[in-house]
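Enquirer: Take a look at the following structure, please.
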Amino acid sequence: MASNPKSVAVSHVGKIRSNNQDSGYAGAHLFVVADGMGGHAGGDVASAIAIKRIIDADKAYESAADAEFALKSALIAANSLLAEAVFEHQELTGMGTTVSGLLRVGDEMALAHIGDSRIYLYRDGELTQVTADHTFVQRLVDSGRITPEEAAVHPRRSVLMRVLGDVDASPEIDTTIVRTRPGDRWLICSDGLSSYVTDDRIRSALSHHPNTKDAANRLVKESLDQGAPDNVTVVLVDIDESGESSAHTPVIVGSAAQPLTYESEAGRSALRLPTLLLHPLKATKPDPSHFEPESEEYLTALIDEDRRRARRRRITWLVALALVLAVVATGIVAAYQWTQTRFYVGAYDGEVAIYQGVQQGLGPIRLSNVYEETGIPLDDLPPYWLSSVESTINADDLPDARAIVDRLEVMADE
């Protein structure tokens, strides 16, 4: 971790991963996070190469438009370096990285973004996600096929549709210019934070910790408290009244802070893209990011598979519902059959009668019926026994009910 009063960069390997594939940078004007992908196929190398190239753009610009162009050009140049690295080191085939960066010019921020790392703006107590994830599930959300809540637990939530890497020579990079003002807090983070810490908890950490360093450390702790199955990197930038966001020696964190090496790690093997359709993701943690080219062929295949998954889910729910209804129906039938083994004595049409069932009912449904009319007039009964019959007299079984009737008949004759 490195910091100053106005900006901070923090990166943690997490509690599961063996190496840090994230890289972060906080400079004089530039702030950026890169999240490498490809597992042991070189995610750490990818993010390091990208950051080391992109930081060349950390300089003053005449206008935000110039900064926007320079930042986008830096990302495209980093993409070319990644392709060259893979050409020279075939064991790195399949590596790639997300990149989200800010380049400040006065009271404006030039943004560049590709992948699923995120840029947030915290202003006046409100947290806004400025960038849009370039993921398969975000496509489904945007098209109305699933809800954001469903996207959060979708088995393909880690499938990236755009990254820097060795696949696309001209990747589509989102860029924009946003005005900033004193009091703003800009947060750039890898999905090690955004995938495991809710927006509400991120907002709470930013609102309760005015100190930049404390706020960034709190965000990392929130991720660690969730088990931190992924690397987590946070770059936090505060805009104060002076109009400045940094006044320190630029700092690098994560894999880019280490010497760049192309040597194969133990267990590193080539991962050729695309692999997702042959090896579908499972909803387990940690979720290794995968990349699929943003082509109609693959997008259609993924959407078709998602539809099949949705149909399977509906069928599963219908079968489960049918089983529950069957159990409930069986219970109701069994309960009703039990009630028909019970008897009691009560009044019916001015006479004493034997009822089969129980006195209770289920709404309009009666659980008893007249089993036997006795012909004993209610008016012939003494007051006490009349009251008892009108209130009903429980019997252990049919013979017991008839014995009660015999006693009532004696009372009526006296």
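Labels for the structure tokens follow display order: chains A, B, ..., residues from 1 in each chain, ligands from 1.
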Need the shell around Ala74 (chain A): protein/DNA/RNA residues with any atom at most 12 Å away, counting only C-alpha atoms. Skip same-chain ones fewer than 5 positions apart. Format as a PyMOL selection string?
Expert: chain A and resi 30+32+49-58+67-69+79-81+99-101+103+112-113+164+173
Enquirer: Keeping only N, CA and C atoms, write the selected residues as a short mmCIF file (atom, residue, chain, number, x, y, z; two decimals), in the first residue's frame.
Expert:
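Writing the result to again37.cif gives the following:
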data_model
loop_
_atom_site.label_atom_id
_atom_site.label_comp_id
_atom_site.auth_asym_id
_atom_site.auth_seq_id
_atom_site.Cartn_x
_atom_site.Cartn_y
_atom_site.Cartn_z
N LEU A 30 -2.79 10.62 -13.09
CA LEU A 30 -3.40 9.37 -13.55
C LEU A 30 -3.64 8.42 -12.39
N VAL A 32 -5.32 4.37 -11.97
CA VAL A 32 -5.77 3.25 -12.80
C VAL A 32 -5.67 1.93 -12.05
N ILE A 49 2.01 -5.59 -17.43
CA ILE A 49 2.38 -4.99 -18.73
C ILE A 49 1.50 -3.79 -19.02
N ALA A 50 0.19 -3.95 -18.78
CA ALA A 50 -0.75 -2.86 -19.07
C ALA A 50 -0.45 -1.62 -18.24
N ILE A 51 -0.29 -1.81 -16.93
CA ILE A 51 -0.04 -0.66 -16.05
C ILE A 51 1.27 0.02 -16.40
N LYS A 52 2.33 -0.77 -16.62
CA LYS A 52 3.63 -0.18 -16.91
C LYS A 52 3.61 0.65 -18.20
N ARG A 53 2.74 0.28 -19.14
CA ARG A 53 2.63 1.07 -20.38
C ARG A 53 1.72 2.28 -20.19
N ILE A 54 0.61 2.08 -19.48
CA ILE A 54 -0.38 3.14 -19.35
C ILE A 54 0.13 4.30 -18.51
N ILE A 55 1.03 4.04 -17.55
CA ILE A 55 1.50 5.13 -16.69
C ILE A 55 2.33 6.16 -17.45
N ASP A 56 2.71 5.82 -18.69
CA ASP A 56 3.39 6.82 -19.52
C ASP A 56 2.47 8.01 -19.81
N ALA A 57 1.16 7.80 -19.64
CA ALA A 57 0.20 8.88 -19.90
C ALA A 57 0.03 9.82 -18.71
N ASP A 58 0.75 9.57 -17.62
CA ASP A 58 0.60 10.39 -16.42
C ASP A 58 1.38 11.69 -16.58
N ALA A 67 -6.52 14.56 -22.84
CA ALA A 67 -6.26 13.50 -21.87
C ALA A 67 -7.03 12.24 -22.21
N GLU A 68 -8.27 12.41 -22.64
CA GLU A 68 -9.10 11.26 -23.03
C GLU A 68 -8.45 10.50 -24.19
N PHE A 69 -7.98 11.23 -25.18
CA PHE A 69 -7.33 10.61 -26.33
C PHE A 69 -6.04 9.90 -25.92
N ASN A 79 -2.48 -2.98 -25.24
CA ASN A 79 -3.05 -4.17 -25.89
C ASN A 79 -2.06 -4.76 -26.89
N SER A 80 -1.39 -3.90 -27.62
CA SER A 80 -0.38 -4.37 -28.59
C SER A 80 0.79 -5.04 -27.88
N LEU A 81 1.21 -4.49 -26.76
CA LEU A 81 2.30 -5.10 -26.00
C LEU A 81 1.92 -6.48 -25.49
N VAL A 99 -9.03 -2.92 -17.55
CA VAL A 99 -8.38 -1.66 -17.19
C VAL A 99 -9.47 -0.61 -16.98
N SER A 100 -9.38 0.10 -15.87
CA SER A 100 -10.25 1.25 -15.62
C SER A 100 -9.37 2.37 -15.09
N GLY A 101 -9.41 3.52 -15.76
CA GLY A 101 -8.51 4.59 -15.38
C GLY A 101 -9.13 5.97 -15.44
N LEU A 103 -7.87 10.16 -15.68
CA LEU A 103 -6.80 11.11 -15.96
C LEU A 103 -7.38 12.51 -15.73
N ALA A 112 -11.31 6.04 -19.04
CA ALA A 112 -11.18 4.97 -20.04
C ALA A 112 -11.43 3.66 -19.32
N HIS A 113 -12.16 2.76 -19.98
CA HIS A 113 -12.60 1.55 -19.27
C HIS A 113 -12.83 0.40 -20.24
N LEU A 164 -8.37 -6.24 -22.59
CA LEU A 164 -7.12 -6.10 -23.33
C LEU A 164 -6.44 -7.46 -23.34
N ILE A 173 -12.97 0.37 -26.44
CA ILE A 173 -12.71 0.94 -25.11
C ILE A 173 -13.70 2.07 -24.86
#
Enquirer: Neighbours of Ile393 (chain A) within 12 Å (only C-alpha atoms; same-chain residues fewer than 6 positions away dropped), as a VMD selection string?
Expert: chain A and resid 342 to 347 352 to 355 358 to 359 385 to 387 400 to 405 408
Enquirer: Can you tell me how far CA of Val234 (chain A) sits from CA of Leu193 (chain A), in Å to one decimal?
Expert: 7.9 Å
Enquirer: So, counting only C-alpha atoms, which residue among A:Glu91, A:Asp44, A:Glu409, A:Asp116 is closest to Thr135 (chain A)?
Expert: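 Checking each of A:Glu91, A:Asp44, A:Glu409, A:Asp116 against Thr135 (chain A), counting only C-alpha atoms, the winner is A:Asp116.
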Enquirer: So that I can check the surroundings of region 34-39 of chain A, please list as number ranges by chain every protein, DNA and RNA residue that reaches within 6 Å of it, counting only C-alpha atoms and ignoring chain neighbours fewer than 2 positions away.
Expert: A: 21-23, 41-44, 46-47, 94-99, 190, 289
Enquirer: Find the residues around Leu362 (chain A) up to 12 Å (only C-alpha atoms counted), leave out those fewer than 3 positions away in its own chain, and share them as a list in words.
Expert: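 These residues fall inside the cut-off: Ile332, Ala335, Tyr336, Val358, Gln359, Ile365, Arg366, Leu367 and Ser368 of chain A.
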Enquirer: Which residue is closest to Asp214 (chain A)? Choose from A:Arg407, A:Tyr196, A:Leu325, A:Ala9 and count only C-alpha atoms.
Expert: A:Ala9
Enquirer: Kindly indicate which residue among A:Ala48, A:Ala395, A:Ile376, A:Ala216 lies nearest to Thr341 (chain A), using only C-alpha atoms for the distances.
Expert: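 Among the listed residues, the smallest separation from Thr341 (chain A) belongs to A:Ala395.
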Enquirer: May I ask for the distance between CA of Leu187 (chain A) and CA of Ile119 (chain A), given in Å to one decimal place?
Expert: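 These two atoms are separated by 5.6 Å.
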Enquirer: Restricting the calculation to only C-alpha atoms: of A:Ala256, A:Gly165, A:Gly14, A:Ile146, which residue gets closest to Gln226 (chain A)?
Expert: A:Gly14
Enquirer: Which one of A:Asn369, A:Ser7, A:Ser18, A:Thr374 sits closest to Val237 (chain A) if you count only C-alpha atoms?
Expert: A:Ser7
Enquirer: Calculate how many Å separate CA of Ala334 (chain A) from CA of Pro399 (chain A), rounding to one decimal.
Expert: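 About the pair CA of Ala334 (chain A) and CA of Pro399 (chain A): they are 23.0 Å apart.
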